[in-house]
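Listing of input-v2.csv; format and content: CSV, C-alpha atoms.
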chain,number,residue,atom,x,y,z
H,697,MET,CA,185.9,-0.1,20.3
H,698,PHE,CA,182.3,-0.6,19.3
H,699,THR,CA,181.4,-2.9,16.4
H,700,LEU,CA,178.2,-4.2,14.8
H,701,SER,CA,179.3,-7.8,14.5
H,702,GLY,CA,177.0,-10.1,16.3
H,703,LEU,CA,174.4,-7.3,16.9
H,704,SER,CA,170.8,-7.5,15.5
H,705,GLY,CA,169.8,-3.9,16.0
H,706,CYS,CA,170.8,-0.7,14.3
H,707,LEU,CA,172.9,2.3,15.3
H,708,VAL,CA,171.5,5.8,15.0
H,709,LEU,CA,173.7,8.8,15.3
H,710,PRO,CA,173.1,12.5,15.0
H,711,VAL,CA,175.8,14.1,12.8
H,712,PRO,CA,176.4,17.7,11.8
H,713,VAL,CA,176.3,18.4,8.1
H,714,HIS,CA,177.4,21.6,6.4
H,715,GLN,CA,175.6,22.9,3.3
H,716,SER,CA,175.9,26.0,1.3
H,717,SER,CA,172.9,28.4,0.9
H,718,GLY,CA,171.2,28.9,-2.4
H,719,ALA,CA,167.9,28.8,-4.2
H,720,SER,CA,166.5,25.5,-5.5
H,721,SER,CA,167.3,25.2,-9.3
H,722,GLU,CA,163.5,25.1,-9.9
H,723,SER,CA,162.9,28.2,-7.9
H,724,ARG,CA,163.3,31.8,-8.7
H,725,ALA,CA,166.0,33.6,-6.7
H,726,ASN,CA,165.2,37.2,-7.5
H,727,VAL,CA,162.8,37.8,-4.6
H,728,GLY,CA,164.5,38.2,-1.3
H,729,ALA,CA,164.2,39.9,2.1
H,730,ASN,CA,164.9,43.3,0.6
H,731,THR,CA,162.2,43.1,-2.0
H,732,ALA,CA,159.2,44.1,0.0
H,733,PRO,CA,160.5,47.6,1.0
H,734,ARG,CA,160.9,48.4,-2.7
H,735,ILE,CA,157.1,48.0,-3.2
H,736,VAL,CA,155.3,51.0,-1.7
H,737,PRO,CA,151.5,50.7,-1.0
H,738,GLY,CA,149.6,53.6,-2.6
H,739,SER,CA,152.4,54.3,-5.0
H,740,THR,CA,153.9,51.3,-6.7
H,741,THR,CA,151.7,50.0,-9.5
H,742,ARG,CA,151.0,46.5,-10.8
H,743,THR,CA,153.0,47.4,-13.9
H,744,ASP,CA,155.9,48.5,-11.7
H,745,VAL,CA,155.8,45.1,-9.9
H,746,LEU,CA,155.8,43.1,-13.1
H,747,LEU,CA,158.7,45.1,-14.6
H,748,MET,CA,160.6,44.8,-11.3
H,749,LEU,CA,160.1,41.2,-10.4
H,750,GLY,CA,158.7,39.5,-13.5
H,751,GLU,CA,155.9,37.1,-13.7
H,752,PRO,CA,154.3,36.1,-10.4
H,753,ASP,CA,154.2,32.5,-9.3
H,754,GLY,CA,150.6,32.9,-8.3
H,755,ARG,CA,147.9,35.4,-9.4
H,756,GLY,CA,144.4,36.0,-8.1
H,757,ASP,CA,141.2,36.6,-10.1
H,758,ASP,CA,141.5,39.8,-12.2
H,759,ASP,CA,145.1,40.0,-10.9
H,760,HIS,CA,144.0,41.6,-7.7
H,761,TRP,CA,147.0,39.9,-6.0
H,762,PHE,CA,150.3,38.4,-7.1
H,763,SER,CA,152.5,36.0,-5.1
H,764,TYR,CA,156.3,35.4,-5.6
H,765,ARG,CA,157.8,32.3,-4.0
H,766,THR,CA,161.4,31.4,-3.4
H,767,HIS,CA,162.6,28.0,-2.1
H,768,VAL,CA,166.2,28.0,-0.8
H,769,SER,CA,168.7,25.8,1.0
H,770,ARG,CA,169.7,27.2,4.4
H,771,GLY,CA,173.4,27.6,4.6
H,772,GLY,CA,175.5,26.6,7.6
H,773,TRP,CA,175.6,23.5,9.9
H,774,HIS,CA,172.5,21.3,10.2
H,775,TRP,CA,171.8,18.1,12.0
H,776,ALA,CA,171.1,14.7,10.3
H,777,ALA,CA,170.2,11.4,11.9
H,778,VAL,CA,172.3,8.6,10.3
H,779,TRP,CA,171.5,5.0,10.9
H,780,VAL,CA,173.3,1.8,10.2
H,781,ALA,CA,171.6,-1.6,10.4
H,782,ALA,CA,173.7,-4.7,10.6
H,783,GLY,CA,173.4,-6.5,7.3
H,784,ALA,CA,170.7,-4.1,6.0
H,785,GLY,CA,172.7,-1.0,5.0
H,786,GLY,CA,171.8,2.4,6.4
H,787,GLY,CA,170.5,5.8,5.6
H,788,GLY,CA,169.9,9.3,6.9
H,789,ALA,CA,167.4,12.1,7.3
H,790,PRO,CA,167.5,15.7,8.4
H,791,ILE,CA,166.7,16.5,12.0
H,792,ASP,CA,166.3,20.2,11.8
H,793,ASP,CA,165.0,22.3,8.9
H,794,TRP,CA,167.5,22.5,6.0
H,795,GLU,CA,165.4,24.6,3.7
H,796,ALA,CA,163.3,27.7,3.7
H,797,VAL,CA,160.5,29.1,1.7
H,798,ARG,CA,159.9,32.8,1.3
H,799,ARG,CA,156.6,34.1,-0.1
H,800,LEU,CA,155.7,37.7,-1.0
H,801,ILE,CA,152.0,38.6,-1.6
H,802,VAL,CA,151.3,41.9,-3.3
H,803,ARG,CA,147.7,43.1,-3.4
H,804,PHE,CA,146.3,45.7,-5.7
H,805,ASP,CA,143.3,48.1,-5.6
H,806,GLU,CA,140.9,48.6,-8.5
H,807,ARG,CA,143.2,51.1,-10.0
H,808,GLY,CA,146.1,48.6,-10.2
H,809,VAL,CA,148.0,50.3,-7.4
H,810,VAL,CA,149.6,48.3,-4.6
H,811,SER,CA,147.3,48.3,-1.5
H,812,SER,CA,149.4,45.9,0.7
H,813,VAL,CA,152.6,43.8,0.7
H,814,GLU,CA,152.9,40.8,2.9
H,815,SER,CA,156.1,38.8,3.3
H,816,ALA,CA,156.4,35.4,5.1
H,817,GLN,CA,159.2,32.9,5.6
H,818,LYS,CA,159.1,29.3,6.9
H,819,ASN,CA,161.9,26.9,7.5
H,820,CYS,CA,161.1,23.4,6.3
H,821,ASN,CA,162.3,20.2,4.6
H,822,GLY,CA,161.0,19.3,1.2
H,823,CYS,CA,158.7,22.3,1.5
H,824,ARG,CA,156.4,21.2,-1.3
H,825,ASN,CA,153.2,22.7,0.2
H,826,VAL,CA,154.7,25.3,2.4
H,827,LEU,CA,153.6,28.9,1.7
H,828,ASP,CA,152.4,27.7,-1.7
H,829,ALA,CA,152.1,30.2,-4.6
H,830,ALA,CA,148.3,29.9,-4.7
H,831,GLY,CA,148.0,31.0,-1.1
H,832,ASN,CA,146.0,27.9,-0.1
H,833,ASP,CA,147.5,28.0,3.3
H,834,HIS,CA,146.8,31.8,3.8
H,835,PRO,CA,144.4,32.4,6.7
H,836,SER,CA,142.2,34.6,4.5
H,837,GLN,CA,143.2,33.4,1.0
H,838,PRO,CA,145.0,36.4,-0.7
C,74,MET,CA,171.7,6.8,-33.1
C,75,VAL,CA,168.0,7.3,-32.5
C,76,ALA,CA,168.7,8.3,-28.9
C,77,CYS,CA,171.2,10.9,-30.1
C,78,LEU,CA,168.8,12.3,-32.7
C,79,THR,CA,166.1,12.5,-30.1
C,80,GLY,CA,168.4,14.4,-27.7
C,81,CYS,CA,169.4,16.9,-30.5
C,82,ALA,CA,165.8,17.5,-31.4
C,83,SER,CA,164.8,18.4,-27.9
C,84,THR,CA,167.6,21.1,-27.5
C,85,PRO,CA,166.4,24.4,-28.9
C,86,ALA,CA,168.7,26.4,-31.1
C,87,GLY,CA,170.2,29.4,-29.2
C,88,ASP,CA,170.9,32.9,-30.7
C,89,ARG,CA,173.1,35.4,-29.0
C,90,GLN,CA,171.3,38.2,-30.8
C,91,LEU,CA,167.8,37.0,-30.0
C,92,LEU,CA,166.8,40.2,-28.2
C,93,GLY,CA,169.0,42.7,-30.2
C,94,PHE,CA,165.9,44.0,-32.1
C,95,LEU,CA,164.6,45.5,-28.9
C,96,ASP,CA,167.3,48.2,-29.1
C,97,GLN,CA,166.0,49.4,-32.5
C,98,GLN,CA,163.2,51.8,-31.6
C,99,PRO,CA,160.4,52.0,-32.4
C,100,VAL,CA,159.5,48.3,-31.8
C,101,THR,CA,155.9,47.2,-32.4
C,102,ARG,CA,153.9,44.4,-30.9
C,103,ALA,CA,153.9,42.7,-34.3
C,104,GLU,CA,157.7,42.8,-34.5
C,105,VAL,CA,157.9,41.3,-31.1
C,106,TYR,CA,155.6,38.4,-32.0
C,107,GLY,CA,157.5,38.0,-35.3
C,108,HIS,CA,160.9,37.6,-33.5
C,109,LEU,CA,159.8,35.8,-30.4
C,110,GLY,CA,156.5,34.0,-31.2
C,111,PRO,CA,153.6,33.8,-28.8
C,112,SER,CA,154.1,35.1,-25.4
C,113,TYR,CA,154.3,33.0,-22.2
C,114,SER,CA,151.7,35.1,-20.4
C,115,THR,CA,149.9,38.4,-20.6
C,116,TYR,CA,148.8,41.0,-18.0
C,117,GLU,CA,146.4,44.0,-18.0
C,118,GLY,CA,144.8,42.7,-21.2
C,119,VAL,CA,147.7,42.4,-23.5
C,120,ARG,CA,149.4,45.6,-22.4
C,121,ILE,CA,152.1,43.7,-20.7
C,122,VAL,CA,153.5,40.4,-22.2
C,123,ALA,CA,156.0,38.0,-20.8
C,124,TYR,CA,158.5,35.8,-22.4
C,125,ARG,CA,160.7,33.2,-20.6
C,126,ILE,CA,164.2,33.1,-22.0
C,127,GLY,CA,166.6,30.2,-21.6
C,128,GLU,CA,170.3,29.9,-22.5
C,129,ASN,CA,172.4,27.1,-23.8
C,130,GLY,CA,175.8,26.9,-25.4
C,131,SER,CA,174.8,28.6,-28.6
C,132,GLY,CA,172.8,31.4,-27.1
C,133,TYR,CA,169.4,32.4,-25.9
C,134,TYR,CA,166.1,30.9,-26.8
C,135,VAL,CA,162.4,31.4,-26.0
C,136,VAL,CA,160.9,28.8,-23.6
C,137,ALA,CA,157.7,27.7,-25.4
C,138,PRO,CA,154.4,28.5,-23.7
C,139,SER,CA,153.4,24.9,-24.5
C,140,GLU,CA,155.9,23.9,-21.9
C,141,LYS,CA,154.1,25.7,-19.1
C,142,SER,CA,155.2,24.6,-15.7
C,143,ASN,CA,155.8,25.9,-12.2
C,144,SER,CA,159.5,25.4,-12.5
C,145,TRP,CA,162.0,28.1,-13.3
C,146,LYS,CA,164.7,25.6,-13.9
C,147,SER,CA,165.3,26.1,-17.6
C,148,VAL,CA,164.6,29.8,-17.5
C,149,LYS,CA,167.5,32.3,-17.3
C,150,TYR,CA,165.5,35.5,-17.8
C,151,ASP,CA,161.9,36.7,-17.6
C,152,LEU,CA,161.4,39.3,-20.3
C,153,MET,CA,158.6,41.7,-19.5
C,154,LEU,CA,157.4,44.1,-22.3
C,155,LEU,CA,155.1,47.1,-21.8
C,156,PHE,CA,153.1,48.3,-24.8
C,157,ASP,CA,151.1,51.5,-25.2
C,158,ASP,CA,147.7,51.9,-26.8
C,159,THR,CA,149.2,52.1,-30.3
C,160,GLY,CA,151.0,48.7,-29.9
C,161,THR,CA,154.4,50.3,-29.6
C,162,LEU,CA,156.9,49.0,-27.0
C,163,ARG,CA,157.3,51.7,-24.3
C,164,GLN,CA,159.5,49.8,-21.8
C,165,HIS,CA,161.0,46.4,-21.3
C,166,SER,CA,162.7,44.6,-18.5
C,167,LEU,CA,165.0,41.6,-18.6
C,168,ILE,CA,164.8,40.0,-15.1
C,169,ALA,CA,167.5,37.5,-14.1
C,170,ILE,CA,165.4,34.9,-12.4
C,171,HIS,CA,168.3,33.1,-10.7
C,172,ALA,CA,170.2,36.2,-9.6
C,173,PRO,CA,171.9,35.8,-6.2
C,174,HIS,CA,169.8,36.7,-3.2
C,175,GLU,CA,170.6,37.3,0.5
C,176,THR,CA,170.8,34.1,2.6
C,177,PRO,CA,168.0,33.4,5.0
Could you render the structure from this file as structure tokens?
Amino acid sequence: MFTLSGLSGCLVLPVPVHQSSGASSESRANVGANTAPRIVPGSTTRTDVLLMLGEPDGRGDDDHWFSYRTHVSRGGWHWAAVWVAAGAGGGGAPIDDWEAVRRLIVRFDERGVVSSVESAQKNCNGCRNVLDAAGNDHPSQP
Amino acid sequence: MVACLTGCASTPAGDRQLLGFLDQQPVTRAEVYGHLGPSYSTYEGVRIVAYRIGENGSGYYVVAPSEKSNSWKSVKYDLMLLFDDTGTLRQHSLIAIHAPHETP
């Protein structure tokens, strides 16, 4: 049997943790993987998008693009590193990505008709600046 | 006592019939403003206006535009209203912001 008595170091163990999936309470949840196919370039209008999805989380100058961002917990089993230090307590941190961000960017032409729809998803932890609504990380700025 | 009063003051009064007036056509822009106050945001000029609707134990309430934030936490619905050139409501959509979605 392994004990910590007499030891001056710490013990680090990877442990599996189960979590349920779901959107962050601060995030919208009404934009998912099946949203993009409902928006048809050349046909769907800016009005249609607003009535379908609501206010965008990001909007470009003159509303020539909208972005919709969802931040969710990834369901299932994930790995965490748990450590215990003799006489100093312990803690834990995720090893793999426990969360995900999905962003939908919808661009409009001068007539207010959708010209393109772009969907991206990234797994992450914390996710504060991942696929942000303003598109600051977009290769060509929406 | 002061803490209790402060808590009570920060909780908006809810109304289960807040949006009932939308079913009584025709509805004008002035009537919308009269019932719901200033909009949270506007699009295509003022052709489309948005209100954020919260819900508490006593009913629905309008999330004030002065409380603008990036968080949808206190919002249950996003109400989108489309007006025509005469200022008459043509279409509205009540979007459940926290509706279930498929898992990633």
Next on the checklist: Considering only C-alpha atoms, can you say which of C:Tyr133, C:Gly160, C:Val122, C:Leu109 comes closest to chain H?
Outcome noted: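 Comparing C:Tyr133, C:Gly160, C:Val122, C:Leu109 against chain H, the winner is C:Val122.
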Next on the checklist: Around (143.5, 48.5, -10.3), as given in the file, which residues come within 9 Å? Count all atoms listed in the file and list them as an NGL selection string.
Outcome noted: :H and (741-742 or 759-760 or 804-810)
Keeping only C-alpha atoms, write those residues as a compact mmCIF listing (two decimals), keeping the file's coordinate frame.
# COMPACT_ATOMS: atom_id res chain seq x y z
CA THR H 741 151.70 50.00 -9.50
CA ARG H 742 151.00 46.50 -10.80
CA ASP H 759 145.10 40.00 -10.90
CA HIS H 760 144.00 41.60 -7.70
CA PHE H 804 146.30 45.70 -5.70
CA ASP H 805 143.30 48.10 -5.60
CA GLU H 806 140.90 48.60 -8.50
CA ARG H 807 143.20 51.10 -10.00
CA GLY H 808 146.10 48.60 -10.20
CA VAL H 809 148.00 50.30 -7.40
CA VAL H 810 149.60 48.30 -4.60
Checklist entry - What residues in chain C have any atom no more than 6 Å from chain H when counting all atoms listed in the file, and can you write them as a list in words? => result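 Using all atoms listed in the file, chain C residues at most 6 Å from chain H: Ser144, Trp145, Lys146, Asp151, Met153, Ser166, Ile170, His171, Ala172 and His174 of chain C.
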Any chance you can output those residues with C-alpha atoms as a CSV table (one decimal), in the coordinates of the input?
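So the final result, stored in out37.csv, reads:
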chain,number,residue,atom,x,y,z
C,144,SER,CA,159.5,25.4,-12.5
C,145,TRP,CA,162.0,28.1,-13.3
C,146,LYS,CA,164.7,25.6,-13.9
C,151,ASP,CA,161.9,36.7,-17.6
C,153,MET,CA,158.6,41.7,-19.5
C,166,SER,CA,162.7,44.6,-18.5
C,170,ILE,CA,165.4,34.9,-12.4
C,171,HIS,CA,168.3,33.1,-10.7
C,172,ALA,CA,170.2,36.2,-9.6
C,174,HIS,CA,169.8,36.7,-3.2
Next on the checklist: Can you pull out the residues contacting region 772-779 of chain H? Cut-off 12 Å, using all atoms listed in the file, and skip same-chain residues under 2 positions away; I want them as an NGL selection string.
Outcome noted: (:H and (705-718 or 769-770 or 781-782 or 784-795 or 821)) or (:C and (176-177))
Checklist entry - If you count only C-alpha atoms, which residues fall within 9 Å of Ile801 (chain H), apart from same-chain ones fewer than 6 positions away, as number ranges by chain? => result H: 754, 761-765, 812-816, 829, 831, 838
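Of the listed residues C:Ser139, C:Thr115, C:Thr101, C:Ser131, the one whose atoms come nearest to Asp158 (chain C) is C:Thr101, with distances taken using all atoms listed in the file.
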Item to check | Exercise: Ala123 (chain C) partners within 6 Å, only C-alpha atoms, chain neighbours under 4 positions left out, as an NGL selection string | outcome: :C and (112-114 or 152-153)
Next on the checklist: Neighbouring residues of Gln98 (chain C) were defined as those with any atom within 12 Å, considering only C-alpha atoms; residues of the same chain fewer than 2 positions away were excluded. Please report them as a list in words.
Outcome noted: Gly93, Phe94, Leu95, Asp96, Val100, Thr101, Arg102, Glu104, Val105, Thr161, Leu162, Arg163, Gln164 and His165 of chain C
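For the pair CA of Ala137 (chain C) and CA of Leu91 (chain C), the interatomic distance is 14.5 Å.
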Item to check | Residue neighbourhood Tyr134 (chain C), 9 Å, only C-alpha atoms, exclusion window fewer than 4 positions, as an MDAnalysis selection string | outcome: chainID C and resid 85:89 91 109 125:129
Item to check | Between CA of Ile121 (chain C) and CA of Leu155 (chain C), distance in Å (one decimal) | outcome: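 These two atoms are separated by 4.7 Å.
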